[in-house]
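Asks: The structure file target.txt (compact mmCIF, C-alpha atoms (C1' of nucleotides)) is provided below.
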# COMPACT_ATOMS: atom_id res chain seq x y z
CA MET L 1 -1.34 11.35 8.56
CA PHE L 2 -1.28 7.55 8.42
CA LEU L 3 -4.43 5.89 7.11
CA GLY L 4 -5.44 2.41 6.04
CA THR L 5 -4.85 -1.24 6.83
CA TYR L 6 -2.40 -3.47 5.00
CA ARG L 7 -1.67 -7.17 5.36
CA HIS L 8 1.96 -8.01 4.65
CA SER L 9 3.95 -11.16 5.01
CA VAL L 10 6.76 -11.58 7.50
CA ASP L 11 9.57 -13.74 6.17
CA GLN L 12 11.71 -16.19 8.08
CA LYS L 13 14.23 -13.50 8.89
CA GLY L 14 11.57 -11.38 10.56
CA ARG L 15 11.38 -8.76 7.83
CA VAL L 16 8.17 -6.85 7.03
CA ALA L 17 7.66 -4.37 4.25
CA ILE L 18 6.25 -1.07 5.50
CA PRO L 19 3.66 0.19 2.99
CA ALA L 20 5.22 2.74 0.65
CA ARG L 21 2.60 5.35 1.58
CA PHE L 22 3.75 5.16 5.19
CA ARG L 23 7.44 4.92 4.45
CA GLU L 24 7.43 8.26 2.62
CA GLN L 25 6.39 9.91 5.87
CA LEU L 26 8.98 8.17 8.06
CA PRO L 27 12.34 9.95 8.28
CA THR L 28 15.38 8.46 9.99
CA GLY L 29 14.92 8.57 13.72
CA THR L 30 11.64 6.66 13.51
CA ILE L 31 11.11 4.48 16.58
CA ILE L 32 9.39 1.14 17.02
CA ALA L 33 8.04 0.34 20.49
CA LYS L 34 5.72 -2.05 22.24
CA GLY L 35 2.16 -0.83 22.49
CA ALA L 36 -1.10 -1.52 24.31
CA GLU L 37 -3.18 -4.65 23.58
CA GLY L 38 -0.09 -6.45 22.33
CA CYS L 39 0.63 -4.43 19.22
CA LEU L 40 3.85 -2.81 18.08
CA GLN L 41 3.84 0.93 17.46
CA VAL L 42 5.93 2.89 15.01
CA TYR L 43 6.49 6.53 16.02
CA PRO L 44 7.76 9.22 13.68
CA PRO L 45 10.40 11.32 15.48
CA GLU L 46 8.11 14.20 16.45
CA GLU L 47 5.53 11.83 17.89
CA TRP L 48 8.20 10.02 19.85
CA GLY L 49 9.37 13.37 21.16
CA ARG L 50 5.86 14.03 22.40
CA GLU L 51 5.97 10.78 24.37
CA GLN L 52 9.34 11.70 25.83
CA GLY L 53 7.89 14.99 27.00
CA LEU L 54 4.97 13.20 28.58
CA GLN L 55 6.96 10.55 30.38
CA ARG L 56 9.82 12.23 32.20
CA LEU L 57 10.95 10.48 35.32
CA GLY L 58 11.68 12.34 38.54
CA SER L 59 11.43 11.94 42.29
CA MET L 60 7.71 12.75 42.18
CA THR L 61 6.86 10.19 39.52
CA PRO L 62 4.39 7.59 40.77
CA ALA L 63 5.37 3.90 40.60
CA GLU L 64 3.00 3.09 37.79
CA GLU L 65 4.42 5.75 35.56
CA ARG L 66 7.96 4.66 36.30
CA ARG L 67 7.01 1.19 35.23
CA LEU L 68 5.42 2.42 32.01
CA ALA L 69 8.43 4.52 31.11
CA ARG L 70 10.83 1.65 31.70
CA MET L 71 8.84 -0.74 29.57
CA MET L 72 8.19 1.66 26.80
CA PHE L 73 11.63 3.18 26.44
CA GLY L 74 13.48 0.01 27.37
CA ALA L 75 11.84 -2.01 24.64
CA ALA L 76 12.00 0.62 21.93
CA ARG L 77 14.44 0.68 19.04
CA GLU L 78 15.22 2.83 16.10
CA CYS L 79 13.78 1.55 12.80
CA GLU L 80 16.24 0.62 10.09
CA PHE L 81 14.93 0.23 6.57
CA ASP L 82 16.63 -1.89 3.95
CA VAL L 83 16.67 -0.94 0.26
CA GLN L 84 13.29 -2.64 -0.26
CA GLY L 85 11.70 -0.59 2.53
CA ARG L 86 11.50 -3.37 5.07
CA ILE L 87 12.29 -3.34 8.76
CA VAL L 88 13.39 -6.29 10.85
CA LEU L 89 11.23 -7.20 13.81
CA SER L 90 13.41 -8.65 16.56
CA GLN L 91 12.69 -12.02 18.04
CA ASP L 92 11.49 -10.25 21.17
CA GLN L 93 9.15 -7.93 19.30
CA ARG L 94 7.65 -10.76 17.29
CA GLN L 95 7.05 -12.75 20.40
CA TYR L 96 5.45 -9.82 22.21
CA ALA L 97 3.07 -9.18 19.32
CA GLY L 98 2.51 -12.87 18.53
CA ILE L 99 3.58 -12.35 14.95
CA SER L 100 4.76 -15.21 12.75
CA ALA L 101 4.10 -15.38 9.00
CA THR L 102 1.86 -12.35 8.40
CA ALA L 103 1.15 -9.02 10.03
CA TRP L 104 -1.40 -6.24 9.74
CA ILE L 105 0.05 -2.80 9.39
CA VAL L 106 -2.40 -0.10 10.37
CA GLY L 107 -2.19 3.67 10.04
CA VAL L 108 -3.72 5.29 13.13
CA ASN L 109 -3.51 9.01 12.37
CA ASN L 110 -0.24 10.03 14.04
CA LEU L 111 1.43 6.62 14.29
CA ILE L 112 1.47 3.12 12.82
CA GLU L 113 0.58 -0.11 14.56
CA ILE L 114 1.58 -3.70 13.73
CA TRP L 115 -0.71 -6.57 14.73
CA ASN L 116 -0.93 -10.32 14.36
CA ASP L 117 -3.82 -11.79 12.38
CA GLU L 118 -5.96 -12.93 15.21
CA ALA L 119 -5.61 -9.83 17.40
CA TRP L 120 -6.37 -7.48 14.55
CA ARG L 121 -9.40 -9.48 13.58
CA ARG L 122 -10.66 -9.07 17.12
CA ILE L 123 -9.83 -5.38 17.49
CA GLY L 124 -10.01 -3.89 14.06
CA GLU L 125 -12.42 -5.77 11.90
CA ALA L 126 -15.83 -4.21 11.77
CA THR L 127 -19.14 -5.24 10.31
CA PRO L 128 -21.36 -2.35 9.27
CA GLU L 129 -23.38 -2.86 12.46
CA GLU L 130 -20.34 -2.62 14.72
CA TYR L 131 -19.04 0.30 12.79
CA THR L 132 -22.32 2.15 13.09
CA ARG L 133 -22.28 1.59 16.82
CA ILE L 134 -18.72 2.83 17.08
CA GLN L 135 -19.51 5.98 15.14
CA ASP L 136 -22.47 6.71 17.37
CA GLN L 137 -20.19 6.23 20.33
CA VAL L 138 -17.73 8.79 18.97
CA ALA L 139 -20.54 11.25 18.37
CA GLU L 140 -21.86 10.69 21.87
CA ARG L 141 -18.46 11.17 23.44
CA ARG L 142 -17.96 14.34 21.50
CA ARG L 143 -21.29 15.75 22.52
CA ALA L 144 -20.55 14.93 26.17
CA SER L 145 -17.20 16.69 26.10
CA GLY L 146 -18.78 19.69 24.41
CA ARG L 147 -16.73 19.87 21.25
CA MET W 148 -22.49 21.55 -1.11
CA PHE W 149 -23.04 18.08 -2.52
CA LEU W 150 -26.47 17.30 -3.98
CA GLY W 151 -27.99 14.54 -6.03
CA THR W 152 -27.78 10.82 -6.68
CA TYR W 153 -25.77 9.14 -9.42
CA ARG W 154 -25.46 5.51 -10.43
CA HIS W 155 -22.03 4.63 -11.76
CA SER W 156 -20.36 1.40 -12.73
CA VAL W 157 -17.45 -0.09 -10.83
CA ASP W 158 -14.99 -1.86 -13.12
CA GLN W 159 -13.00 -5.00 -12.42
CA LYS W 160 -10.13 -2.97 -11.00
CA GLY W 161 -12.45 -1.38 -8.45
CA ARG W 162 -12.54 2.04 -10.07
CA VAL W 163 -15.55 4.36 -9.84
CA ALA W 164 -15.94 7.70 -11.52
CA ILE W 165 -16.88 10.45 -9.10
CA PRO W 166 -19.48 12.73 -10.72
CA ALA W 167 -17.85 15.81 -12.22
CA ARG W 168 -20.03 18.15 -10.14
CA PHE W 169 -18.63 16.58 -6.98
CA ARG W 170 -15.08 16.28 -8.18
CA GLU W 171 -14.79 20.03 -8.73
CA GLN W 172 -15.31 20.50 -5.01
CA LEU W 173 -12.82 17.85 -3.88
CA PRO W 174 -9.23 19.05 -3.45
CA THR W 175 -6.28 16.73 -2.78
CA GLY W 176 -6.41 15.48 0.77
CA THR W 177 -9.93 14.17 0.36
CA ILE W 178 -10.55 11.12 2.53
CA ILE W 179 -12.69 8.06 1.97
CA ALA W 180 -13.82 6.18 5.08
CA LYS W 181 -16.25 3.53 6.16
CA GLY W 182 -19.56 4.95 7.30
CA ALA W 183 -22.62 3.97 9.28
CA GLU W 184 -25.18 1.52 7.86
CA GLY W 185 -22.57 0.02 5.55
CA CYS W 186 -21.88 2.93 3.23
CA LEU W 187 -18.59 4.56 2.32
CA GLN W 188 -18.13 8.26 3.01
CA VAL W 189 -16.02 10.75 1.12
CA TYR W 190 -14.87 13.70 3.25
CA PRO W 191 -13.41 16.92 1.89
CA PRO W 192 -10.32 17.77 3.98
CA GLU W 193 -11.98 20.39 6.22
CA GLU W 194 -14.84 18.04 7.02
CA TRP W 195 -12.45 15.23 7.88
CA GLY W 196 -10.44 17.56 10.10
CA ARG W 197 -13.57 18.68 11.90
CA GLU W 198 -14.77 15.13 12.48
CA GLN W 199 -11.68 13.05 13.09
CA GLY W 200 -8.55 15.12 12.89
CA LEU W 201 -8.38 16.01 16.54
CA GLN W 202 -7.89 12.55 17.92
CA ARG W 203 -4.30 11.49 18.50
CA LEU W 204 -3.03 8.23 19.79
CA GLY W 205 -0.37 7.96 22.50
CA SER W 206 0.48 6.16 25.69
CA MET W 207 -2.02 8.29 27.62
CA THR W 208 -5.00 7.54 25.40
CA PRO W 209 -7.75 5.61 27.23
CA ALA W 210 -8.72 2.13 25.99
CA GLU W 211 -12.07 3.16 24.51
CA GLU W 212 -10.53 5.85 22.38
CA ARG W 213 -7.72 3.60 21.24
CA ARG W 214 -10.29 1.26 19.76
CA LEU W 215 -12.19 4.06 18.06
CA ALA W 216 -9.07 5.61 16.60
CA ARG W 217 -7.84 2.28 15.23
CA MET W 218 -11.10 1.60 13.50
CA MET W 219 -11.71 5.07 12.15
CA PHE W 220 -8.22 5.68 10.80
CA GLY W 221 -7.47 2.08 9.86
CA ALA W 222 -10.58 1.97 7.71
CA ALA W 223 -9.90 5.25 5.89
CA ARG W 224 -7.76 6.13 2.87
CA GLU W 225 -6.80 9.23 1.04
CA CYS W 226 -8.61 9.53 -2.31
CA GLU W 227 -6.44 9.51 -5.40
CA PHE W 228 -8.07 10.58 -8.63
CA ASP W 229 -6.80 9.41 -11.99
CA VAL W 230 -6.95 11.63 -15.08
CA GLN W 231 -10.52 10.47 -15.77
CA GLY W 232 -11.64 11.50 -12.29
CA ARG W 233 -11.98 8.03 -10.85
CA ILE W 234 -10.94 6.67 -7.49
CA VAL W 235 -10.06 3.09 -6.63
CA LEU W 236 -12.12 1.39 -3.95
CA SER W 237 -9.95 -1.14 -2.15
CA GLN W 238 -10.99 -4.76 -1.90
CA ASP W 239 -11.74 -4.18 1.75
CA GLN W 240 -13.90 -1.14 1.12
CA ARG W 241 -15.88 -2.89 -1.59
CA GLN W 242 -16.49 -5.83 0.65
CA TYR W 243 -17.57 -3.62 3.54
CA ALA W 244 -20.06 -1.75 1.39
CA GLY W 245 -21.15 -4.84 -0.56
CA ILE W 246 -20.26 -3.17 -3.83
CA SER W 247 -19.52 -5.16 -6.99
CA ALA W 248 -20.44 -3.92 -10.47
CA THR W 249 -22.34 -0.71 -9.74
CA ALA W 250 -22.58 1.87 -6.99
CA TRP W 251 -24.77 4.79 -6.03
CA ILE W 252 -22.97 8.01 -5.35
CA VAL W 253 -24.97 10.40 -3.26
CA GLY W 254 -24.32 14.00 -2.27
CA VAL W 255 -25.33 14.56 1.35
CA ASN W 256 -24.75 18.26 2.04
CA ASN W 257 -21.20 18.33 3.40
CA LEU W 258 -20.00 14.92 2.23
CA ILE W 259 -20.56 12.18 -0.33
CA GLU W 260 -21.73 8.66 0.31
CA ILE W 261 -21.28 5.51 -1.77
CA TRP W 262 -23.83 2.69 -1.53
CA ASN W 263 -24.53 -0.64 -3.13
CA ASP W 264 -27.70 -1.07 -5.18
CA GLU W 265 -29.75 -2.94 -2.68
CA ALA W 266 -28.89 -0.86 0.38
CA TRP W 267 -29.53 2.39 -1.44
CA ARG W 268 -32.88 1.20 -2.65
CA ARG W 269 -33.89 0.62 0.96
CA ILE W 270 -32.61 4.00 2.14
CA GLY W 271 -33.31 6.21 -0.82
CA GLU W 272 -36.71 5.14 -2.00
CA ALA W 273 -38.92 6.73 0.60
CA THR W 274 -42.60 7.24 0.04
CA PRO W 275 -44.02 10.68 0.87
CA GLU W 276 -45.53 9.18 4.04
CA GLU W 277 -42.23 7.78 5.28
CA TYR W 278 -40.47 11.00 4.44
CA THR W 279 -42.94 13.02 6.44
CA ARG W 280 -42.75 10.70 9.39
CA ILE W 281 -38.93 10.78 9.51
CA GLN W 282 -38.84 14.55 9.26
CA ASP W 283 -41.21 14.84 12.18
CA GLN W 284 -39.24 12.36 14.23
CA VAL W 285 -35.98 14.24 13.81
CA ALA W 286 -37.61 17.59 14.56
CA GLU W 287 -39.15 16.16 17.71
CA ARG W 288 -35.91 14.64 18.91
CA ARG W 289 -34.09 17.91 18.39
CA ARG W 290 -36.65 19.89 20.28
CA ALA W 291 -36.42 17.42 23.16
CA SER W 292 -32.63 17.67 23.43
CA GLY W 293 -32.79 21.46 23.19
CA ARG W 294 -30.69 22.09 20.11
C1' DC Y 295 -27.34 16.99 -35.94
C1' DA Y 296 -22.74 18.12 -34.38
C1' DC Y 297 -19.74 18.99 -30.81
C1' DA Y 298 -18.17 18.82 -26.14
C1' DA Y 299 -18.06 16.80 -21.79
C1' DA Y 300 -18.52 12.83 -18.86
C1' DG Y 301 -18.12 8.04 -18.10
C1' DT Y 302 -16.17 3.17 -19.20
C1' DG Y 303 -12.79 -0.33 -20.31
C1' DG Y 304 -8.35 -2.38 -21.04
C1' DG Y 305 -3.11 -2.80 -22.17
C1' DG Y 306 1.36 -2.08 -20.49
C1' DA Y 307 5.07 0.25 -17.89
C1' DA Y 308 6.48 1.19 -13.35
C1' DA Y 309 6.33 0.54 -8.54
C1' DA Y 310 5.68 -2.29 -4.53
C1' DG Y 311 6.15 -6.50 -2.19
C1' DT Y 312 8.45 -11.23 -1.44
C1' DG Y 313 12.05 -14.60 -0.99
C1' DG Y 314 16.64 -16.25 -0.82
C1' DG Y 315 21.93 -16.43 -1.39
C1' DG Y 316 26.10 -15.00 0.44
C1' DA Y 317 29.50 -11.68 2.62
C1' DA Y 318 30.48 -9.32 6.89
C1' DA Y 319 29.91 -8.99 11.71
C1' DA Y 320 28.91 -10.74 16.15
C1' DT Y 321 28.83 -14.41 19.47
C1' DG Y 322 30.49 -18.15 22.01
C1' DA Y 323 33.13 -22.37 23.07
C1' DG Y 324 37.52 -24.55 23.48
C1' DC P 325 43.28 -16.04 21.02
C1' DT P 326 41.34 -18.86 17.48
C1' DC P 327 38.01 -21.15 15.15
C1' DA P 328 33.29 -22.51 14.36
C1' DT P 329 28.61 -21.11 14.43
C1' DT P 330 25.04 -17.89 14.29
C1' DT P 331 23.16 -13.53 13.19
C1' DT P 332 22.83 -9.42 10.52
C1' DC P 333 22.38 -7.04 6.46
C1' DC P 334 23.33 -6.07 1.69
C1' DC P 335 22.20 -7.36 -2.82
C1' DC P 336 19.78 -9.55 -6.59
C1' DA P 337 15.80 -11.81 -8.90
C1' DC P 338 11.01 -12.76 -9.29
C1' DT P 339 5.93 -11.90 -8.70
C1' DT P 340 2.12 -9.08 -7.97
C1' DT P 341 -0.20 -4.85 -7.80
C1' DT P 342 -0.84 -0.20 -9.00
C1' DC P 343 -1.53 3.43 -11.90
C1' DC P 344 -0.74 5.90 -16.11
C1' DC P 345 -2.24 6.39 -20.69
C1' DC P 346 -5.07 5.82 -24.68
C1' DA P 347 -9.35 4.84 -27.08
C1' DC P 348 -14.17 4.15 -27.26
C1' DT P 349 -19.06 4.96 -25.75
C1' DT P 350 -22.62 7.56 -23.84
C1' DT P 351 -24.83 11.69 -22.40
C1' DG P 352 -26.00 16.28 -22.69
C1' DT P 353 -26.15 20.84 -25.00
C1' DG P 354 -26.26 24.43 -28.42
When written as C-alpha cells, how does the structure in this file appear?
Replies:
Amino acid sequence: MFLGTYRHSVDQKGRVAIPARFREQLPTGTIIAKGAEGCLQVYPPEEWGREQGLQRLGSMTPAEERRLARMMFGAARECEFDVQGRIVLSQDQRQYAGISATAWIVGVNNLIEIWNDEAWRRIGEATPEEYTRIQDQVAERRRASGR
Amino acid sequence: MFLGTYRHSVDQKGRVAIPARFREQLPTGTIIAKGAEGCLQVYPPEEWGREQGLQRLGSMTPAEERRLARMMFGAARECEFDVQGRIVLSQDQRQYAGISATAWIVGVNNLIEIWNDEAWRRIGEATPEEYTRIQDQVAERRRASGR
DNA sequence: CACAAAGTGGGGAAAAGTGGGGAAAATGAG
DNA sequence: CTCATTTTCCCCACTTTTCCCCACTTTGTG
C-alpha cells in the first residue's frame, strides 16, 4: 500500500528520487504511464497487469477504448532506478505533466502519482473544511451503494 | 476499544507519545490520516481496511473517486513507533491539525483522534445541556433514516 | 517512601535526497 | 563511414532528514 505525499526536486537531467518507502515496494517491471488530470502514474507489475486485463483490444472494442489503450500503453515505459533510487522522467513525460524543478509524489493506495506543484495544490491540498466535506461525500457514496 | 482523553507534549521533532493503554491495542500496520473538523485519526489496520481499503485506482475509476482516493491516501501514513512508544507527526499533519507544542489524544471507540488545544476545547468541553441536546439530535436523525 | 511504568528531551549515527563530473552510447551531419 | 555533438547513465561527494539510543523527569502504585 502506498501512502503519503512527498515533495522532491527534479534536477536538470530530469531525475526524481522516489521516496524510499515506495521504492521498497517497487520490483523491476514497474511501469510509468500518463494518467488522468495530467499526472504521471507509477504501476507496480501486478497493477499494470490488471490494466492490461482490462484494456484488451479486439474487433468489438469501441473507438473510445481503442484510443485510451493506445495512449496509455503507447506512452508507458518501464521504470529504471539508479543507485540513488531515482528515475528519469523523459522530456515528453515532463512536458505532459508540466513538471520542471519540483514534483509531488503521492501514494494512492495501489499506485503512485507524480504531479507538478500547481496541479497538486489544486487537486490534493485540503483545508479541514474541504476534507470534512470530502469525507462526508465518501460516506454518502458508500451508503448509497450499500456497502 | 479506545477510551479517554490525554494531553501530551509534542517535541521539536514532531514526536508525540501515544498513551500506553492505546499502544497495546495498535499492531504494526496502524495508519494515521487526516480527519474531519481538522483532527488527525489513528486507525488500527482492520478499521482502516473497513473504511478505505476497498478503493483502488485505475483507468476505469470515475473522476469523483479519483479525487477522493488521492486525498484520502495521499494524506495518510503508516504509524511507526519508536522504542518509547512515540510516533512522528509530519510537518504537513501538524499544520493540518494546527498542532505545535501539545496535543490531545482521544480514544473514540474504534479509533483514536489527535487534536490541538483550542479545537479540542471547543469539541470536548460540553455542558450537560449541550450533551443532552446532541444525543437527542443524533437519536432523532437515526430514527428518521430508519437505522 | 520506594519502585516501576510512562512520558520527555536531545545527541549522534545512519539513511535518504540532491547535484554534478565524466565515460559510454546514441544520434546526426558531412 | 567518420567525426562531432548530444544524450544517457554510472559514479562520487555533499547536505539534510530520520530514527535509534540513552538519560532524565514525572506519574502512579504498592
Asks: Within 7 Å of region 19-26 of chain L, counting all atoms listed in the file, which residues show up once you throw out same-chain ones fewer than 4 positions away? Write them as a PyMOL selection string, please.
Replies: chain L and resi 2+30+44
Asks: With distances taken over only C-alpha atoms (C1' of nucleotides), which residue among P:DA337, P:DT331, P:DA347, P:DG352 lies nearest DT302 (chain Y)?
Replies: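 Selected residue with least distance to DT302 (chain Y): P:DA347.
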Asks: Within 10 Å of chain W, which residues of chain P show up? Give each one with its shortest atom-to-atom distance in Å (one decimal) and the two atoms involved, counting all atoms listed in the file, rows by chain then rising residue number, as a tab-separated table.
Replies:
residue	atom	partner	partner_atom	distance
P:DT342	C1'	W:Lys160	CA	9.9
P:DC343	C1'	W:Asp229	CA	8.0
P:DC344	C1'	W:Asp229	CA	8.1
P:DC345	C1'	W:Val230	CA	9.0
Asks: What does the C-alpha RMSD come to when chain L is least-squares superposed onto chain W, all C-alpha atoms paired in sequence order?
Replies: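 The root-mean-square deviation of C-alpha positions is 1.7 Å.
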Asks: With distances taken over all atoms listed in the file, which residue among Y:DG301, Y:DG311, Y:DG324, Y:DG306 lies nearest chain W?
Replies: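 For chain W, the nearest of the candidates is Y:DG301.
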Asks: Which residues, written as an MDAnalysis selection string, have at least one atom at most 12 Å from DG322 (chain Y), with all atoms listed in the file counted and residues fewer than 2 positions away on the same chain left out?
Replies: (chainID Y and resid 320 324) or (chainID P and resid 326:330)
Asks: Distance CA of Glu113 (chain L)-CA of Gln41 (chain L), one decimal place?
Replies: 4.5 Å
Asks: Counting only C-alpha atoms, which residues from chain L have an atom at most 7 Å from any atom of chain W, and could you show them as a PyMOL selection string?
Replies: chain L and resi 3-5+106-110+124+128-129+131-132+134-135
Asks: From the set L:Ser90, L:Thr102, L:Gln95, L:Ser145, which residue has the shortest atom-to-atom contact distance to chain Y, counting only C-alpha atoms (C1' of nucleotides)?
Replies: L:Thr102
